[in-house]
Every structure is written in structure tokens, then in C-alpha cells.
Amino acid sequence: MNRHPTEEEREQVKNRDGYACLCCGVKAEGKLQIDHIKPFSMGGKTFVENLQTLCVICNRRKGRNQIDFRQNKTKLSIPQTDLGIPKNLDLSFTLESEKATRTLTRIVNLFYHCKAVYKVDWEVYTYTYNIYLYPNNKPEWLLKHKAELLKFVQEKLGRQAYKIEVTTKK
């Protein structure tokens, strides 16, 4: 079986995924890649059901993890890597000029190993980022990292933020 999808398969996957990165939501045509959900190196097959559209940054960050960003509910029973190691927030991002909401979406979705984020919004009057998770993703996992996430937003993203709130979609 081929490692790389055909042009027809690539187009089919991008079309199905709305020509957007399933992790962060960016619609950057030239920066979109086709990713194996279960990595090819781990026995993942090259067929449409095992492929998803990711931007260059999200694909690089996903690495060899088996993450399906078409799913809204984490399959993790506790926050851990595929190797069973306790999972911390990955805040080692090389920052490019992009919206803080997109960066936060990427960080949280990679942490939960799925498309856990329903939306992230900015409350201008209270200087608060609100992170809304899809139901069945535990906000308390992320709340344990709230202080370090806020520090990241302030220092690395250069945003004047005072609070981060995490709840599930209503």
C-alpha cells in the first residue's frame, strides 16, 4: 500500500474537511496537508477514512500520535500520551503571526487528543479568554493548567489577558 494518498484522495479528504485544518480551523490552502490519523509508521493505512486535513503547524505538533480531529470527544480516560505518560500542556510552540484564539484552540485540541474545542472567544471588557469544550470533555483537566496557560497568553502571545475560563458548550 502506498504511503502517500493519490491526488484524488487528497482532494476528497480536503473537500470532506471543508478545506480547513481540523485541529485549529485555519483555511490556508497552501499550508494544508493530509495527515494519517493512525500514523503510517504505526501501521496506519492510506485510505480516506484514516486521513484528515491539518495545517503544517498542527500536523507537525500531532507528530506520531494517533489523534482523530473529526471526533469531538476525547478517548483518553486521563490526560496522557499514547505511551501512557501523564500529559502536560505543550506550550513550546513556535509562534507565527496568528490569532491567539487559533493558538489556544490548537493547544487544547492537542491536549485532549481530539477536536475538544467548540470555540474560543475573547471578552474585551473583562480581558478574558473563554474556552468552550464540546460535552464529555472534562474542563477540570484544562483548569489544572489555567495559570500556566494564562502566563503563556500574556508572555508568549503578548496579549493583555486577566482570566481564562473553561466550560462546556451549552
# chains A, B, ... in the order shown; residues from 1 in each chain; ligands from 1
call {"tool": "select_by_dssp", "arguments": {"residues": "segment 78-150 of chain A", "states": "strand (DSSP E)", "output": "PyMOL selection string"}}
result
chain A and resi 117-123+128-133
call {"tool": "write_last_selection", "arguments": {"atoms": "N, CA, C and O atoms", "output": "PDB file, in the first residue's frame"}}
result
ATOM      1  N   VAL A 117     -12.426  21.495  21.383  1.00  0.00           N
ATOM      2  CA  VAL A 117     -12.833  22.900  21.463  1.00  0.00           C
ATOM      3  C   VAL A 117     -14.001  23.184  20.532  1.00  0.00           C
ATOM      4  O   VAL A 117     -13.907  22.989  19.319  1.00  0.00           O
ATOM      5  N   TYR A 118     -15.100  23.631  21.133  1.00  0.00           N
ATOM      6  CA  TYR A 118     -16.235  24.112  20.356  1.00  0.00           C
ATOM      7  C   TYR A 118     -15.925  25.507  19.829  1.00  0.00           C
ATOM      8  O   TYR A 118     -16.111  25.798  18.656  1.00  0.00           O
ATOM      9  N   LYS A 119     -15.436  26.388  20.723  1.00  0.00           N
ATOM     10  CA  LYS A 119     -14.992  27.712  20.296  1.00  0.00           C
ATOM     11  C   LYS A 119     -14.196  28.361  21.414  1.00  0.00           C
ATOM     12  O   LYS A 119     -14.277  27.980  22.582  1.00  0.00           O
ATOM     13  N   VAL A 120     -13.397  29.342  21.015  1.00  0.00           N
ATOM     14  CA  VAL A 120     -12.656  30.197  21.943  1.00  0.00           C
ATOM     15  C   VAL A 120     -13.048  31.617  21.601  1.00  0.00           C
ATOM     16  O   VAL A 120     -13.023  32.004  20.432  1.00  0.00           O
ATOM     17  N   ASP A 121     -13.458  32.372  22.607  1.00  0.00           N
ATOM     18  CA  ASP A 121     -13.744  33.773  22.320  1.00  0.00           C
ATOM     19  C   ASP A 121     -13.063  34.695  23.319  1.00  0.00           C
ATOM     20  O   ASP A 121     -12.618  34.279  24.381  1.00  0.00           O
ATOM     21  N   TRP A 122     -12.973  35.948  22.917  1.00  0.00           N
ATOM     22  CA  TRP A 122     -12.277  36.978  23.680  1.00  0.00           C
ATOM     23  C   TRP A 122     -13.319  37.962  24.192  1.00  0.00           C
ATOM     24  O   TRP A 122     -14.086  38.533  23.416  1.00  0.00           O
ATOM     25  N   GLU A 123     -13.365  38.126  25.496  1.00  0.00           N
ATOM     26  CA  GLU A 123     -14.290  39.081  26.131  1.00  0.00           C
ATOM     27  C   GLU A 123     -13.497  40.362  26.379  1.00  0.00           C
ATOM     28  O   GLU A 123     -12.711  40.441  27.321  1.00  0.00           O
ATOM     29  N   THR A 128     -10.840  38.537  29.114  1.00  0.00           N
ATOM     30  CA  THR A 128     -10.958  37.110  29.411  1.00  0.00           C
ATOM     31  C   THR A 128     -11.053  36.285  28.130  1.00  0.00           C
ATOM     32  O   THR A 128     -11.809  36.637  27.213  1.00  0.00           O
ATOM     33  N   TYR A 129     -10.294  35.201  28.075  1.00  0.00           N
ATOM     34  CA  TYR A 129     -10.477  34.205  27.023  1.00  0.00           C
ATOM     35  C   TYR A 129     -11.399  33.133  27.573  1.00  0.00           C
ATOM     36  O   TYR A 129     -11.150  32.579  28.639  1.00  0.00           O
ATOM     37  N   ASN A 130     -12.484  32.877  26.848  1.00  0.00           N
ATOM     38  CA  ASN A 130     -13.435  31.822  27.208  1.00  0.00           C
ATOM     39  C   ASN A 130     -13.202  30.637  26.274  1.00  0.00           C
ATOM     40  O   ASN A 130     -13.283  30.787  25.056  1.00  0.00           O
ATOM     41  N   ILE A 131     -12.899  29.494  26.855  1.00  0.00           N
ATOM     42  CA  ILE A 131     -12.692  28.271  26.078  1.00  0.00           C
ATOM     43  C   ILE A 131     -13.898  27.370  26.342  1.00  0.00           C
ATOM     44  O   ILE A 131     -14.141  26.967  27.478  1.00  0.00           O
ATOM     45  N   TYR A 132     -14.657  27.103  25.281  1.00  0.00           N
ATOM     46  CA  TYR A 132     -15.841  26.245  25.377  1.00  0.00           C
ATOM     47  C   TYR A 132     -15.501  24.887  24.782  1.00  0.00           C
ATOM     48  O   TYR A 132     -15.118  24.792  23.617  1.00  0.00           O
ATOM     49  N   LEU A 133     -15.630  23.845  25.576  1.00  0.00           N
ATOM     50  CA  LEU A 133     -15.371  22.482  25.130  1.00  0.00           C
ATOM     51  C   LEU A 133     -16.669  21.801  24.718  1.00  0.00           C
ATOM     52  O   LEU A 133     -17.732  22.103  25.253  1.00  0.00           O
TER      53      LEU A 133
END
call {"tool": "select_by_dssp", "arguments": {"residues": "chain A", "states": "helix (DSSP H, G or I)", "output": "VMD selection string"}}
result
chain A and resid 7 to 16 29 to 31 40 to 42 48 to 50 56 to 62 100 to 112 139 to 143 146 to 155
call {"tool": "residues_around", "arguments": {"residues": "Leu104 of chain A", "least_positions_apart": "3", "cutoff": "9 Å", "atoms": "only C-alpha atoms", "output": "VMD selection string"}}
result
chain A and resid 24 99 to 101 107 to 109 120 131 149 153
call {"tool": "closest_residue", "arguments": {"among": "A:Cys21, A:Lys115, A:Lys163, A:Val26", "to": "Lys75 of chain A", "atoms": "only C-alpha atoms"}}
result
A:Lys115
call {"tool": "residues_around", "arguments": {"residues": "Leu143 of chain A", "least_positions_apart": "4", "cutoff": "10 Å", "atoms": "only C-alpha atoms", "output": "list in words"}}
result
Lys138, Pro139, Ala147, Glu148, Leu149, Ile164, Glu165, Val166 and Thr167 of chain A
call {"tool": "residues_around", "arguments": {"residues": "segment 1-10 of chain A", "least_positions_apart": "5", "cutoff": "8 Å", "atoms": "only C-alpha atoms", "output": "ChimeraX atom specification"}}
result
/A:34,40,45-48
call {"tool": "closest_residue", "arguments": {"among": "A:Gly44, A:Thr168, A:Ile57, A:Glu49", "to": "Arg102 of chain A", "atoms": "only C-alpha atoms"}}
result
A:Ile57
call {"tool": "residues_around", "arguments": {"residues": "Tyr162 of chain A", "least_positions_apart": "6", "cutoff": "8 Å", "atoms": "only C-alpha atoms", "output": "PyMOL selection string"}}
result
chain A and resi 126-128+150
call {"tool": "write_last_selection", "arguments": {"atoms": "N, CA, C and O atoms", "output": "PDB file, in the first residue's frame"}}
result
ATOM      1  N   THR A 126     -13.643  42.342  29.921  1.00  0.00           N
ATOM      2  CA  THR A 126     -13.055  41.712  31.112  1.00  0.00           C
ATOM      3  C   THR A 126     -11.672  41.130  30.838  1.00  0.00           C
ATOM      4  O   THR A 126     -11.075  40.532  31.731  1.00  0.00           O
ATOM      5  N   TYR A 127     -11.183  41.296  29.610  1.00  0.00           N
ATOM      6  CA  TYR A 127      -9.881  40.752  29.215  1.00  0.00           C
ATOM      7  C   TYR A 127      -9.796  39.254  29.522  1.00  0.00           C
ATOM      8  O   TYR A 127      -8.834  38.777  30.115  1.00  0.00           O
ATOM      9  N   THR A 128     -10.840  38.537  29.114  1.00  0.00           N
ATOM     10  CA  THR A 128     -10.958  37.110  29.411  1.00  0.00           C
ATOM     11  C   THR A 128     -11.053  36.285  28.130  1.00  0.00           C
ATOM     12  O   THR A 128     -11.809  36.637  27.213  1.00  0.00           O
ATOM     13  N   LEU A 150      -2.527  31.004  31.080  1.00  0.00           N
ATOM     14  CA  LEU A 150      -2.672  32.460  31.140  1.00  0.00           C
ATOM     15  C   LEU A 150      -1.302  33.132  30.993  1.00  0.00           C
ATOM     16  O   LEU A 150      -1.158  34.116  30.253  1.00  0.00           O
TER      17      LEU A 150
END
call {"tool": "atom_distance", "arguments": {"atom1": "atom CA of Arg60 of chain A", "atom2": "atom CA of His145 of chain A"}}
result
22.7 Å
call {"tool": "atom_distance", "arguments": {"atom1": "atom CA of Gln160 of chain A", "atom2": "atom CA of Tyr125 of chain A"}}
result
11.5 Å
call {"tool": "closest_residue", "arguments": {"among": "A:Lys144, A:Arg64, A:Lys38, A:Lys156", "to": "Leu91 of chain A", "atoms": "only C-alpha atoms"}}
result
A:Lys156
call {"tool": "residues_around", "arguments": {"residues": "Cys55 of chain A", "least_positions_apart": "5", "cutoff": "6 Å", "atoms": "only C-alpha atoms", "output": "list in words"}}
result
Cys21, Lys31, Leu32 and Gln33 of chain A
